[in-house]
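Novice: Sharing work-v9.cif, mmCIF, N, CA and C atoms:
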data_coords
#
loop_
_atom_site.label_atom_id
_atom_site.label_comp_id
_atom_site.auth_asym_id
_atom_site.auth_seq_id
_atom_site.Cartn_x
_atom_site.Cartn_y
_atom_site.Cartn_z
N MET Y 117 14.29 2.21 4.79
CA MET Y 117 13.92 1.72 3.48
C MET Y 117 12.55 1.05 3.60
N ALA Y 118 11.66 1.43 2.72
CA ALA Y 118 10.29 0.89 2.76
C ALA Y 118 10.24 -0.44 2.01
N GLY Y 119 9.41 -1.29 2.53
CA GLY Y 119 9.19 -2.57 1.88
C GLY Y 119 7.75 -2.68 1.42
N ILE Y 120 7.53 -3.48 0.42
CA ILE Y 120 6.18 -3.73 -0.07
C ILE Y 120 5.70 -5.00 0.62
N HIS Y 121 4.67 -4.86 1.42
CA HIS Y 121 4.18 -5.98 2.22
C HIS Y 121 3.58 -7.06 1.33
N ILE Y 122 3.70 -8.29 1.77
CA ILE Y 122 3.21 -9.44 1.01
C ILE Y 122 1.72 -9.33 0.71
N THR Y 123 0.95 -8.70 1.60
CA THR Y 123 -0.48 -8.54 1.34
C THR Y 123 -0.74 -7.60 0.18
N ASP Y 124 0.13 -6.61 -0.01
CA ASP Y 124 -0.01 -5.72 -1.17
C ASP Y 124 0.34 -6.45 -2.46
N ILE Y 125 1.35 -7.31 -2.39
CA ILE Y 125 1.71 -8.09 -3.58
C ILE Y 125 0.58 -9.04 -3.93
N GLU Y 126 -0.02 -9.65 -2.91
CA GLU Y 126 -1.15 -10.54 -3.15
C GLU Y 126 -2.34 -9.78 -3.75
N ALA Y 127 -2.60 -8.58 -3.24
CA ALA Y 127 -3.69 -7.76 -3.78
C ALA Y 127 -3.42 -7.41 -5.25
N ALA Y 128 -2.16 -7.11 -5.56
CA ALA Y 128 -1.80 -6.79 -6.94
C ALA Y 128 -1.96 -8.01 -7.84
N ILE Y 129 -1.57 -9.18 -7.34
CA ILE Y 129 -1.74 -10.42 -8.12
C ILE Y 129 -3.22 -10.63 -8.43
N ASN Y 130 -4.05 -10.49 -7.41
CA ASN Y 130 -5.49 -10.70 -7.61
C ASN Y 130 -6.08 -9.67 -8.57
N TRP Y 131 -5.61 -8.43 -8.50
CA TRP Y 131 -6.06 -7.38 -9.42
C TRP Y 131 -5.69 -7.76 -10.86
N TRP Y 132 -4.46 -8.21 -11.05
CA TRP Y 132 -4.02 -8.61 -12.39
C TRP Y 132 -4.75 -9.86 -12.88
N ARG Y 133 -5.02 -10.81 -11.96
CA ARG Y 133 -5.75 -12.02 -12.35
C ARG Y 133 -7.15 -11.68 -12.85
N GLU Y 134 -7.77 -10.69 -12.21
CA GLU Y 134 -9.10 -10.26 -12.65
C GLU Y 134 -9.02 -9.51 -13.98
N ARG Y 135 -8.01 -8.70 -14.10
CA ARG Y 135 -7.86 -7.86 -15.28
C ARG Y 135 -7.41 -8.65 -16.51
N SER Y 136 -6.55 -9.63 -16.27
CA SER Y 136 -5.99 -10.41 -17.37
C SER Y 136 -5.93 -11.88 -16.94
N PRO Y 137 -7.06 -12.58 -17.06
CA PRO Y 137 -7.10 -13.97 -16.60
C PRO Y 137 -6.19 -14.89 -17.43
N SER Y 138 -5.86 -16.01 -16.83
CA SER Y 138 -5.06 -17.02 -17.52
C SER Y 138 -5.81 -17.51 -18.75
N PRO Y 139 -5.16 -17.55 -19.90
CA PRO Y 139 -5.86 -17.98 -21.11
C PRO Y 139 -6.24 -19.47 -21.10
N ASP Y 140 -5.48 -20.27 -20.36
CA ASP Y 140 -5.74 -21.71 -20.36
C ASP Y 140 -5.94 -22.29 -18.96
N GLY Y 141 -5.98 -21.45 -17.96
CA GLY Y 141 -6.16 -21.91 -16.59
C GLY Y 141 -4.87 -22.38 -15.93
N VAL Y 142 -3.77 -22.36 -16.66
CA VAL Y 142 -2.49 -22.82 -16.13
C VAL Y 142 -1.42 -21.74 -16.23
N SER Y 143 -1.22 -21.22 -17.43
CA SER Y 143 -0.17 -20.22 -17.64
C SER Y 143 -0.63 -18.86 -17.11
N LEU Y 144 0.36 -18.06 -16.71
CA LEU Y 144 0.06 -16.73 -16.18
C LEU Y 144 0.55 -15.65 -17.14
N PRO Y 145 -0.24 -14.61 -17.34
CA PRO Y 145 0.25 -13.46 -18.12
C PRO Y 145 1.47 -12.85 -17.42
N ALA Y 146 2.29 -12.16 -18.17
CA ALA Y 146 3.57 -11.64 -17.67
C ALA Y 146 3.46 -10.85 -16.36
N PRO Y 147 2.55 -9.88 -16.21
CA PRO Y 147 2.52 -9.13 -14.94
C PRO Y 147 2.20 -10.02 -13.74
N THR Y 148 1.26 -10.93 -13.90
CA THR Y 148 0.89 -11.83 -12.81
C THR Y 148 2.06 -12.75 -12.47
N ARG Y 149 2.73 -13.26 -13.48
CA ARG Y 149 3.87 -14.14 -13.27
C ARG Y 149 5.00 -13.42 -12.54
N ALA Y 150 5.27 -12.18 -12.92
CA ALA Y 150 6.34 -11.42 -12.28
C ALA Y 150 6.04 -11.21 -10.79
N LEU Y 151 4.81 -10.85 -10.49
CA LEU Y 151 4.41 -10.67 -9.09
C LEU Y 151 4.41 -11.99 -8.33
N ALA Y 152 3.96 -13.06 -8.98
CA ALA Y 152 3.91 -14.37 -8.34
C ALA Y 152 5.31 -14.86 -7.97
N GLU Y 153 6.30 -14.54 -8.79
CA GLU Y 153 7.68 -14.93 -8.47
C GLU Y 153 8.17 -14.23 -7.21
N VAL Y 154 7.85 -12.95 -7.08
CA VAL Y 154 8.23 -12.21 -5.87
C VAL Y 154 7.49 -12.78 -4.67
N TYR Y 155 6.21 -13.04 -4.83
CA TYR Y 155 5.40 -13.60 -3.76
C TYR Y 155 5.97 -14.95 -3.31
N ALA Y 156 6.31 -15.80 -4.27
CA ALA Y 156 6.86 -17.12 -3.94
C ALA Y 156 8.18 -17.00 -3.18
N GLN Y 157 9.01 -16.06 -3.58
CA GLN Y 157 10.28 -15.84 -2.87
C GLN Y 157 10.04 -15.42 -1.42
N LEU Y 158 9.07 -14.54 -1.23
CA LEU Y 158 8.76 -14.10 0.13
C LEU Y 158 8.29 -15.28 0.98
N VAL Y 159 7.42 -16.09 0.42
CA VAL Y 159 6.92 -17.25 1.16
C VAL Y 159 8.06 -18.22 1.45
N PHE Y 160 8.87 -18.51 0.46
CA PHE Y 160 9.96 -19.47 0.62
C PHE Y 160 10.93 -19.03 1.71
N PHE Y 161 11.26 -17.75 1.73
CA PHE Y 161 12.23 -17.25 2.71
C PHE Y 161 11.58 -16.72 3.99
N HIS Y 162 10.28 -16.95 4.13
CA HIS Y 162 9.54 -16.52 5.33
C HIS Y 162 9.71 -15.02 5.59
N GLU Y 163 9.61 -14.25 4.53
CA GLU Y 163 9.72 -12.79 4.62
C GLU Y 163 8.34 -12.17 4.47
N ALA Y 164 8.15 -11.01 5.05
CA ALA Y 164 6.85 -10.33 4.95
C ALA Y 164 6.88 -9.17 3.96
N GLU Y 165 8.07 -8.70 3.61
CA GLU Y 165 8.18 -7.54 2.72
C GLU Y 165 9.25 -7.74 1.67
N ALA Y 166 8.98 -7.16 0.49
CA ALA Y 166 9.96 -7.11 -0.59
C ALA Y 166 10.47 -5.68 -0.68
N ASP Y 167 11.74 -5.54 -0.93
CA ASP Y 167 12.33 -4.21 -1.07
C ASP Y 167 11.85 -3.58 -2.37
N GLU Y 168 11.24 -2.40 -2.26
CA GLU Y 168 10.67 -1.78 -3.46
C GLU Y 168 11.72 -1.35 -4.47
N HIS Y 169 12.96 -1.14 -4.03
CA HIS Y 169 14.00 -0.65 -4.93
C HIS Y 169 14.75 -1.79 -5.64
N SER Y 170 14.78 -2.97 -5.02
CA SER Y 170 15.49 -4.08 -5.65
C SER Y 170 14.54 -5.11 -6.28
N MET Y 171 13.25 -4.84 -6.23
CA MET Y 171 12.27 -5.73 -6.85
C MET Y 171 12.51 -5.76 -8.36
N PRO Y 172 12.39 -6.93 -8.99
CA PRO Y 172 12.56 -6.98 -10.45
C PRO Y 172 11.64 -5.96 -11.14
N SER Y 173 12.15 -5.35 -12.19
CA SER Y 173 11.42 -4.24 -12.82
C SER Y 173 10.03 -4.64 -13.32
N GLU Y 174 9.88 -5.87 -13.86
CA GLU Y 174 8.56 -6.30 -14.35
C GLU Y 174 7.57 -6.38 -13.19
N ALA Y 175 8.02 -6.91 -12.06
CA ALA Y 175 7.15 -7.02 -10.88
C ALA Y 175 6.85 -5.65 -10.32
N ARG Y 176 7.85 -4.79 -10.28
CA ARG Y 176 7.63 -3.44 -9.75
C ARG Y 176 6.63 -2.68 -10.61
N GLU Y 177 6.75 -2.78 -11.92
CA GLU Y 177 5.82 -2.09 -12.80
C GLU Y 177 4.40 -2.65 -12.67
N ALA Y 178 4.29 -3.97 -12.52
CA ALA Y 178 2.97 -4.58 -12.31
C ALA Y 178 2.38 -4.13 -10.98
N TRP Y 179 3.22 -4.06 -9.95
CA TRP Y 179 2.75 -3.60 -8.64
C TRP Y 179 2.34 -2.13 -8.71
N LEU Y 180 3.11 -1.31 -9.39
CA LEU Y 180 2.78 0.11 -9.53
C LEU Y 180 1.47 0.33 -10.29
N ALA Y 181 1.18 -0.54 -11.26
CA ALA Y 181 -0.10 -0.43 -11.98
C ALA Y 181 -1.26 -0.67 -11.01
N TRP Y 182 -1.12 -1.67 -10.14
CA TRP Y 182 -2.15 -1.90 -9.11
C TRP Y 182 -2.19 -0.72 -8.13
N TYR Y 183 -1.02 -0.27 -7.71
CA TYR Y 183 -0.91 0.82 -6.74
C TYR Y 183 -1.64 2.08 -7.26
N ALA Y 184 -1.58 2.32 -8.54
CA ALA Y 184 -2.23 3.49 -9.13
C ALA Y 184 -3.75 3.45 -8.98
N THR Y 185 -4.30 2.28 -8.69
CA THR Y 185 -5.75 2.16 -8.51
C THR Y 185 -6.18 2.36 -7.05
N THR Y 186 -5.21 2.51 -6.15
CA THR Y 186 -5.53 2.68 -4.73
C THR Y 186 -5.61 4.17 -4.40
N PRO Y 187 -6.31 4.53 -3.32
CA PRO Y 187 -6.37 5.94 -2.93
C PRO Y 187 -4.97 6.45 -2.59
N ASP Y 188 -4.66 7.65 -3.03
CA ASP Y 188 -3.32 8.17 -2.80
C ASP Y 188 -3.08 8.52 -1.34
N THR Y 189 -4.02 9.18 -0.73
CA THR Y 189 -3.78 9.69 0.61
C THR Y 189 -4.89 9.27 1.56
N PRO Y 190 -4.54 9.03 2.81
CA PRO Y 190 -5.58 8.69 3.80
C PRO Y 190 -6.29 9.93 4.36
N CYS Y 191 -5.92 11.10 3.91
CA CYS Y 191 -6.48 12.35 4.43
C CYS Y 191 -7.99 12.41 4.24
N ILE Y 192 -8.68 12.86 5.29
CA ILE Y 192 -10.14 13.08 5.19
C ILE Y 192 -10.45 14.56 5.43
N ALA Y 193 -9.45 15.41 5.26
CA ALA Y 193 -9.59 16.86 5.38
C ALA Y 193 -9.96 17.32 6.79
N ILE Y 194 -9.54 16.56 7.76
CA ILE Y 194 -9.65 16.97 9.17
C ILE Y 194 -8.26 16.74 9.76
N CYS Y 195 -7.40 17.72 9.63
CA CYS Y 195 -6.00 17.54 10.02
C CYS Y 195 -5.71 18.19 11.36
N SER Y 196 -5.45 17.35 12.35
CA SER Y 196 -5.14 17.90 13.67
C SER Y 196 -3.65 18.18 13.83
N THR Y 197 -2.81 17.74 12.87
CA THR Y 197 -1.38 18.06 12.98
C THR Y 197 -1.17 19.56 12.78
N SER Y 198 -2.06 20.20 12.04
CA SER Y 198 -1.94 21.65 11.86
C SER Y 198 -2.26 22.39 13.16
N GLN Y 199 -2.88 21.68 14.12
CA GLN Y 199 -3.18 22.26 15.43
C GLN Y 199 -2.13 21.87 16.47
N GLY Y 200 -1.07 21.15 16.03
CA GLY Y 200 0.02 20.80 16.92
C GLY Y 200 0.06 19.36 17.38
N ASP Y 201 -0.87 18.52 16.93
CA ASP Y 201 -0.83 17.11 17.31
C ASP Y 201 0.32 16.39 16.61
N ASP Y 202 0.94 15.44 17.29
CA ASP Y 202 1.99 14.63 16.68
C ASP Y 202 1.41 13.59 15.73
N VAL Y 203 0.17 13.16 16.00
CA VAL Y 203 -0.53 12.19 15.16
C VAL Y 203 -1.87 12.80 14.77
N CYS Y 204 -2.18 12.77 13.48
CA CYS Y 204 -3.43 13.35 13.01
C CYS Y 204 -4.61 12.51 13.48
N LYS Y 205 -5.57 13.14 14.11
CA LYS Y 205 -6.76 12.43 14.56
C LYS Y 205 -7.63 12.00 13.38
N GLY Y 206 -7.57 12.74 12.28
CA GLY Y 206 -8.38 12.42 11.11
C GLY Y 206 -7.91 11.19 10.36
N CYS Y 207 -6.62 11.14 10.02
CA CYS Y 207 -6.13 10.03 9.19
C CYS Y 207 -5.19 9.08 9.91
N GLY Y 208 -4.62 9.49 11.01
CA GLY Y 208 -3.72 8.62 11.76
C GLY Y 208 -2.26 8.72 11.39
N ARG Y 209 -1.93 9.59 10.43
CA ARG Y 209 -0.52 9.73 10.05
C ARG Y 209 0.24 10.57 11.07
N LEU Y 210 1.53 10.30 11.18
CA LEU Y 210 2.40 11.11 12.01
C LEU Y 210 2.62 12.46 11.34
N PHE Y 211 2.95 13.48 12.13
CA PHE Y 211 3.20 14.81 11.60
C PHE Y 211 4.19 14.76 10.43
N GLU Y 212 5.29 14.02 10.62
CA GLU Y 212 6.31 13.93 9.58
C GLU Y 212 5.76 13.28 8.31
N GLU Y 213 4.89 12.29 8.45
CA GLU Y 213 4.29 11.63 7.28
C GLU Y 213 3.37 12.59 6.53
N VAL Y 214 2.63 13.40 7.26
CA VAL Y 214 1.76 14.39 6.61
C VAL Y 214 2.63 15.39 5.84
N GLN Y 215 3.71 15.85 6.46
CA GLN Y 215 4.58 16.84 5.83
C GLN Y 215 5.31 16.29 4.61
N ARG Y 216 5.74 15.04 4.66
CA ARG Y 216 6.56 14.45 3.59
C ARG Y 216 5.75 13.67 2.55
N TRP Y 217 4.43 13.62 2.67
CA TRP Y 217 3.63 12.72 1.86
C TRP Y 217 3.93 12.82 0.36
N THR Y 218 4.05 14.02 -0.16
CA THR Y 218 4.28 14.18 -1.60
C THR Y 218 5.67 13.71 -2.02
N GLU Y 219 6.60 13.60 -1.09
CA GLU Y 219 7.96 13.15 -1.40
C GLU Y 219 8.14 11.65 -1.20
N MET Y 220 7.20 11.02 -0.52
CA MET Y 220 7.34 9.61 -0.17
C MET Y 220 7.20 8.72 -1.40
N THR Y 221 7.90 7.58 -1.37
CA THR Y 221 7.79 6.62 -2.46
C THR Y 221 6.48 5.84 -2.30
N PRO Y 222 6.04 5.16 -3.34
CA PRO Y 222 4.84 4.34 -3.20
C PRO Y 222 4.95 3.31 -2.07
N GLY Y 223 6.12 2.71 -1.91
CA GLY Y 223 6.32 1.75 -0.82
C GLY Y 223 6.18 2.39 0.54
N GLU Y 224 6.73 3.58 0.70
CA GLU Y 224 6.61 4.29 1.98
C GLU Y 224 5.16 4.65 2.27
N LYS Y 225 4.44 5.07 1.23
CA LYS Y 225 3.03 5.41 1.41
C LYS Y 225 2.22 4.18 1.81
N ARG Y 226 2.46 3.06 1.14
CA ARG Y 226 1.72 1.84 1.48
C ARG Y 226 2.09 1.35 2.88
N HIS Y 227 3.33 1.54 3.29
CA HIS Y 227 3.75 1.18 4.65
C HIS Y 227 2.94 2.00 5.67
N THR Y 228 2.79 3.28 5.40
CA THR Y 228 1.99 4.15 6.27
C THR Y 228 0.54 3.71 6.27
N TRP Y 229 -0.02 3.47 5.08
CA TRP Y 229 -1.40 3.01 4.97
C TRP Y 229 -1.61 1.74 5.80
N ARG Y 230 -0.67 0.81 5.71
CA ARG Y 230 -0.79 -0.45 6.45
C ARG Y 230 -0.81 -0.19 7.95
N ARG Y 231 0.10 0.64 8.41
CA ARG Y 231 0.18 0.95 9.85
C ARG Y 231 -1.11 1.58 10.35
N ILE Y 232 -1.62 2.60 9.65
CA ILE Y 232 -2.81 3.28 10.16
C ILE Y 232 -4.05 2.40 10.06
N THR Y 233 -4.06 1.50 9.07
CA THR Y 233 -5.18 0.57 8.94
C THR Y 233 -5.17 -0.45 10.07
N ILE Y 234 -4.01 -0.95 10.40
CA ILE Y 234 -3.89 -1.91 11.50
C ILE Y 234 -4.26 -1.25 12.82
N GLU Y 235 -3.77 -0.03 13.03
CA GLU Y 235 -4.10 0.69 14.27
C GLU Y 235 -5.60 0.98 14.31
N GLY Y 236 -6.15 1.46 13.21
CA GLY Y 236 -7.59 1.65 13.06
C GLY Y 236 -8.26 2.61 14.03
N ASP Y 237 -7.48 3.48 14.68
CA ASP Y 237 -8.11 4.37 15.66
C ASP Y 237 -8.28 5.80 15.17
N ALA Y 238 -7.88 6.08 13.94
CA ALA Y 238 -8.09 7.42 13.39
C ALA Y 238 -9.57 7.58 13.02
N TRP Y 239 -10.02 8.80 12.97
CA TRP Y 239 -11.42 9.09 12.66
C TRP Y 239 -11.83 8.51 11.31
N ARG Y 240 -10.90 8.39 10.37
CA ARG Y 240 -11.23 7.84 9.05
C ARG Y 240 -11.75 6.42 9.16
N PHE Y 241 -11.42 5.73 10.24
CA PHE Y 241 -11.85 4.34 10.41
C PHE Y 241 -13.05 4.20 11.33
N ASN Y 242 -13.53 5.28 11.90
CA ASN Y 242 -14.70 5.16 12.78
C ASN Y 242 -15.64 6.34 12.60
N ARG Y 243 -15.38 7.43 13.25
CA ARG Y 243 -16.29 8.57 13.28
C ARG Y 243 -16.66 9.10 11.89
N TYR Y 244 -15.69 9.18 11.00
CA TYR Y 244 -15.93 9.76 9.68
C TYR Y 244 -15.69 8.74 8.57
N ARG Y 245 -16.04 7.49 8.81
CA ARG Y 245 -15.82 6.42 7.85
C ARG Y 245 -16.47 6.72 6.50
N GLU Y 246 -17.71 7.24 6.53
CA GLU Y 246 -18.41 7.53 5.27
C GLU Y 246 -17.73 8.66 4.51
N ARG Y 247 -17.10 9.59 5.22
CA ARG Y 247 -16.38 10.69 4.57
C ARG Y 247 -15.14 10.13 3.87
N ALA Y 248 -14.47 9.20 4.53
CA ALA Y 248 -13.26 8.61 3.95
C ALA Y 248 -13.59 7.79 2.71
N ALA Y 249 -14.77 7.19 2.66
CA ALA Y 249 -15.16 6.37 1.51
C ALA Y 249 -15.41 7.20 0.27
N ALA Y 250 -15.75 8.46 0.44
CA ALA Y 250 -16.05 9.34 -0.69
C ALA Y 250 -14.83 9.77 -1.45
#
Can you dump the structure from the file as structure tokens?
Specialist:
Amino acid sequence: MAGIHITDIEAAINWWRERSPSPDGVSLPAPTRALAEVYAQLVFFHEAEADEHSMPSEAREAWLAWYATTPDTPCIAICSTSQGDDVCKGCGRLFEEVQRWTEMTPGEKRHTWRRITIEGDAWRFNRYRERAAA
């Protein structure tokens, strides 16, 4: 089961804060408030991830709105899994992740994105960084 990492929730909160600022500097618009409640629960319980399937619907919809603004795939069109590699040299995804990408949930995709970003050894993060930015 994929979880939505606290850093993604924080990024979504910041995206919503920019998009819909507090009218009085104190109260939060509904999407920001819904995400902030999930964020606070994670902090309180010392958790790093929220379950994407049991997240309150308002928070999930607010998170999905932010998620829609992120790149869908880490692919840079240099796929070594088609040549038999277990891990793609271009994007860093595992063979199974490349094969299942269109079936994966947003939480599963973000989990993969987080892993390959932390590892940072795929070509998308070094040799072909400018290609990945396009």
Novice: Closest to Ile120 in chain Y among Y:Glu212, Y:Glu153, Y:Glu224, Y:Glu219, using only N, CA and C atoms?
Specialist: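 For Ile120 in chain Y, the nearest of the given residues is Y:Glu224.
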Novice: Within 6 Å of Glu165 in chain Y, counting only N, CA and C atoms, which residues show up once you throw out same-chain ones fewer than 4 positions away? Write them as number ranges by chain, please.
Specialist: Y: 119-122
Novice: Can you list what the PyMOL selection byres (((chain Y and resi 211 and name CA) around 10) and name CA) grabs from this structure, as a PyMOL selection string?
Specialist: chain Y and resi 195-198+200-204+208-210+212-217
Novice: Take every atom of range 122-140 of chain Y listed in the file, fit an axis-aligned box around them, add 5 Å per side, and give the centre and edge lengths in Å to one decimal as JSON.
Specialist:
{"center_x": -2.7, "center_y": -14.0, "center_z": -9.7, "size_x": 22.8, "size_y": 26.6, "size_z": 32.9}
Novice: For the structure I just gave you, how does DSSP split range 135-173 of chain Y - specifically, which residues are helix (DSSP H, G or I)? Reply as a PyMOL selection string.
Specialist: chain Y and resi 135+146-160+173
Novice: Determine, counting only N, CA and C atoms, which protein, DNA and RNA residues have an atom within 8 Å of an atom of Ala146 in chain Y; residues of the same chain fewer than 6 positions away are not included. Present the result as an NGL selection string.
Specialist: :Y and (152 or 174-175 or 178)
Novice: Once you have the residues from the selection above, write them out as a PDB file, in the coordinates of the input, restricted to N, CA and C atoms.
Specialist:
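Saved as result38.pdb:
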ATOM      1  N   ALA Y 152       3.960 -13.060  -8.980  1.00  0.00           N
ATOM      2  CA  ALA Y 152       3.910 -14.370  -8.340  1.00  0.00           C
ATOM      3  C   ALA Y 152       5.310 -14.860  -7.970  1.00  0.00           C
ATOM      4  N   GLU Y 174       9.880  -5.870 -13.860  1.00  0.00           N
ATOM      5  CA  GLU Y 174       8.560  -6.300 -14.350  1.00  0.00           C
ATOM      6  C   GLU Y 174       7.570  -6.380 -13.190  1.00  0.00           C
ATOM      7  N   ALA Y 175       8.020  -6.910 -12.060  1.00  0.00           N
ATOM      8  CA  ALA Y 175       7.150  -7.020 -10.880  1.00  0.00           C
ATOM      9  C   ALA Y 175       6.850  -5.650 -10.320  1.00  0.00           C
ATOM     10  N   ALA Y 178       4.290  -3.970 -12.520  1.00  0.00           N
ATOM     11  CA  ALA Y 178       2.970  -4.580 -12.310  1.00  0.00           C
ATOM     12  C   ALA Y 178       2.380  -4.130 -10.980  1.00  0.00           C
TER      13      ALA Y 178
END
Novice: Tell me, in Å to one decimal, how far CA of Arg230 in chain Y is from CA of Leu144 in chain Y.
Specialist: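 Answer for the CA of Arg230 in chain Y to CA of Leu144 in chain Y separation: 27.9 Å.
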Novice: Tell me, as a ChimeraX atom specification, which residues lie within 7 Å of range 123-139 of chain Y, counting all atoms listed in the file; anything in the same chain fewer than 6 positions away does not count.
Specialist: /Y:145,147-148,151-152,155,164,178-179,182-183
Novice: From the set Y:Thr189, Y:Val159, Y:Lys205, Y:Met220, which residue has the shortest atom-to-atom contact distance to Arg243 in chain Y, counting only C-alpha atoms?
Specialist: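 Smallest distance to Arg243 in chain Y is found for Y:Lys205.
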Novice: Give me, please, the distance in Å between CA of Ile192 in chain Y and CA of Arg240 in chain Y, quoted to one decimal.
Specialist: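 Between CA of Ile192 in chain Y and CA of Arg240 in chain Y the gap is 6.6 Å.
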Novice: Residues within 10 Å of His169 in chain Y, please, as a PyMOL selection string. Count only C-alpha atoms; anything in the same chain fewer than 4 positions from it doesn't count.
Specialist: chain Y and resi 117-120+173+176+221+223
Novice: Could you pull out the strand (DSSP E or B) residues of range 137-204 of chain Y from DSSP and send them as a PyMOL selection string?
Specialist: chain Y and resi 165-167+203
Novice: Could you save those same residues with N, CA and C atoms as an mmCIF file, in the frame of the given file?
Specialist:
data_model
loop_
_atom_site.group_PDB
_atom_site.id
_atom_site.type_symbol
_atom_site.label_atom_id
_atom_site.label_comp_id
_atom_site.auth_asym_id
_atom_site.auth_seq_id
_atom_site.Cartn_x
_atom_site.Cartn_y
_atom_site.Cartn_z
ATOM 1 N N GLU Y 165 8.070 -8.700 3.610
ATOM 2 C CA GLU Y 165 8.180 -7.540 2.720
ATOM 3 C C GLU Y 165 9.250 -7.740 1.670
ATOM 4 N N ALA Y 166 8.980 -7.160 0.490
ATOM 5 C CA ALA Y 166 9.960 -7.110 -0.590
ATOM 6 C C ALA Y 166 10.470 -5.680 -0.680
ATOM 7 N N ASP Y 167 11.740 -5.540 -0.930
ATOM 8 C CA ASP Y 167 12.330 -4.210 -1.070
ATOM 9 C C ASP Y 167 11.850 -3.580 -2.370
ATOM 10 N N VAL Y 203 0.170 13.160 16.000
ATOM 11 C CA VAL Y 203 -0.530 12.190 15.160
ATOM 12 C C VAL Y 203 -1.870 12.800 14.770
#
Novice: Nearest to Trp239 in chain Y: which of Y:Pro187, Y:Ser170, Y:Gly206, Y:Pro222 is it, counting all atoms listed in the file?
Specialist: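 Selected residue with least distance to Trp239 in chain Y: Y:Gly206.
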Novice: Rebuild range 208-213 of chain Y to all heavy atoms - output it as an mmCIF file, in the frame of the given file, please.
Specialist:
data_model
loop_
_atom_site.group_PDB
_atom_site.id
_atom_site.type_symbol
_atom_site.label_atom_id
_atom_site.label_comp_id
_atom_site.auth_asym_id
_atom_site.auth_seq_id
_atom_site.Cartn_x
_atom_site.Cartn_y
_atom_site.Cartn_z
ATOM 1 N N GLY Y 208 -4.620 9.490 11.010
ATOM 2 C CA GLY Y 208 -3.720 8.620 11.760
ATOM 3 C C GLY Y 208 -2.260 8.720 11.390
ATOM 4 O O GLY Y 208 -1.417 8.038 11.978
ATOM 5 N N ARG Y 209 -1.930 9.590 10.430
ATOM 6 C CA ARG Y 209 -0.520 9.730 10.050
ATOM 7 C C ARG Y 209 0.240 10.570 11.070
ATOM 8 O O ARG Y 209 -0.331 11.449 11.722
ATOM 9 C CB ARG Y 209 -0.382 10.396 8.682
ATOM 10 C CG ARG Y 209 -0.820 9.516 7.552
ATOM 11 C CD ARG Y 209 -0.671 10.209 6.219
ATOM 12 N NE ARG Y 209 -1.621 11.321 6.122
ATOM 13 C CZ ARG Y 209 -1.607 12.229 5.156
ATOM 14 N NH1 ARG Y 209 -0.686 12.186 4.214
ATOM 15 N NH2 ARG Y 209 -2.518 13.181 5.122
ATOM 16 N N LEU Y 210 1.530 10.300 11.180
ATOM 17 C CA LEU Y 210 2.400 11.110 12.010
ATOM 18 C C LEU Y 210 2.620 12.460 11.340
ATOM 19 O O LEU Y 210 2.500 12.576 10.116
ATOM 20 C CB LEU Y 210 3.747 10.416 12.207
ATOM 21 C CG LEU Y 210 3.711 9.004 12.792
ATOM 22 C CD1 LEU Y 210 5.107 8.383 12.769
ATOM 23 C CD2 LEU Y 210 3.158 9.035 14.200
ATOM 24 N N PHE Y 211 2.950 13.480 12.130
ATOM 25 C CA PHE Y 211 3.200 14.810 11.600
ATOM 26 C C PHE Y 211 4.190 14.760 10.430
ATOM 27 O O PHE Y 211 3.965 15.357 9.381
ATOM 28 C CB PHE Y 211 3.712 15.745 12.699
ATOM 29 C CG PHE Y 211 4.086 17.103 12.203
ATOM 30 C CD1 PHE Y 211 3.107 18.055 11.943
ATOM 31 C CD2 PHE Y 211 5.410 17.443 11.978
ATOM 32 C CE1 PHE Y 211 3.443 19.319 11.469
ATOM 33 C CE2 PHE Y 211 5.757 18.697 11.511
ATOM 34 C CZ PHE Y 211 4.778 19.641 11.257
ATOM 35 N N GLU Y 212 5.290 14.020 10.620
ATOM 36 C CA GLU Y 212 6.310 13.930 9.580
ATOM 37 C C GLU Y 212 5.760 13.280 8.310
ATOM 38 O O GLU Y 212 6.089 13.692 7.198
ATOM 39 C CB GLU Y 212 7.513 13.123 10.077
ATOM 40 C CG GLU Y 212 8.609 13.007 9.043
ATOM 41 C CD GLU Y 212 9.784 12.165 9.520
ATOM 42 O OE1 GLU Y 212 10.067 12.137 10.719
ATOM 43 O OE2 GLU Y 212 10.408 11.556 8.642
ATOM 44 N N GLU Y 213 4.890 12.290 8.450
ATOM 45 C CA GLU Y 213 4.290 11.630 7.280
ATOM 46 C C GLU Y 213 3.370 12.590 6.530
ATOM 47 O O GLU Y 213 3.350 12.578 5.296
ATOM 48 C CB GLU Y 213 3.520 10.385 7.718
ATOM 49 C CG GLU Y 213 4.415 9.278 8.228
ATOM 50 C CD GLU Y 213 3.679 8.177 8.945
ATOM 51 O OE1 GLU Y 213 2.537 8.393 9.399
ATOM 52 O OE2 GLU Y 213 4.251 7.075 9.050
#
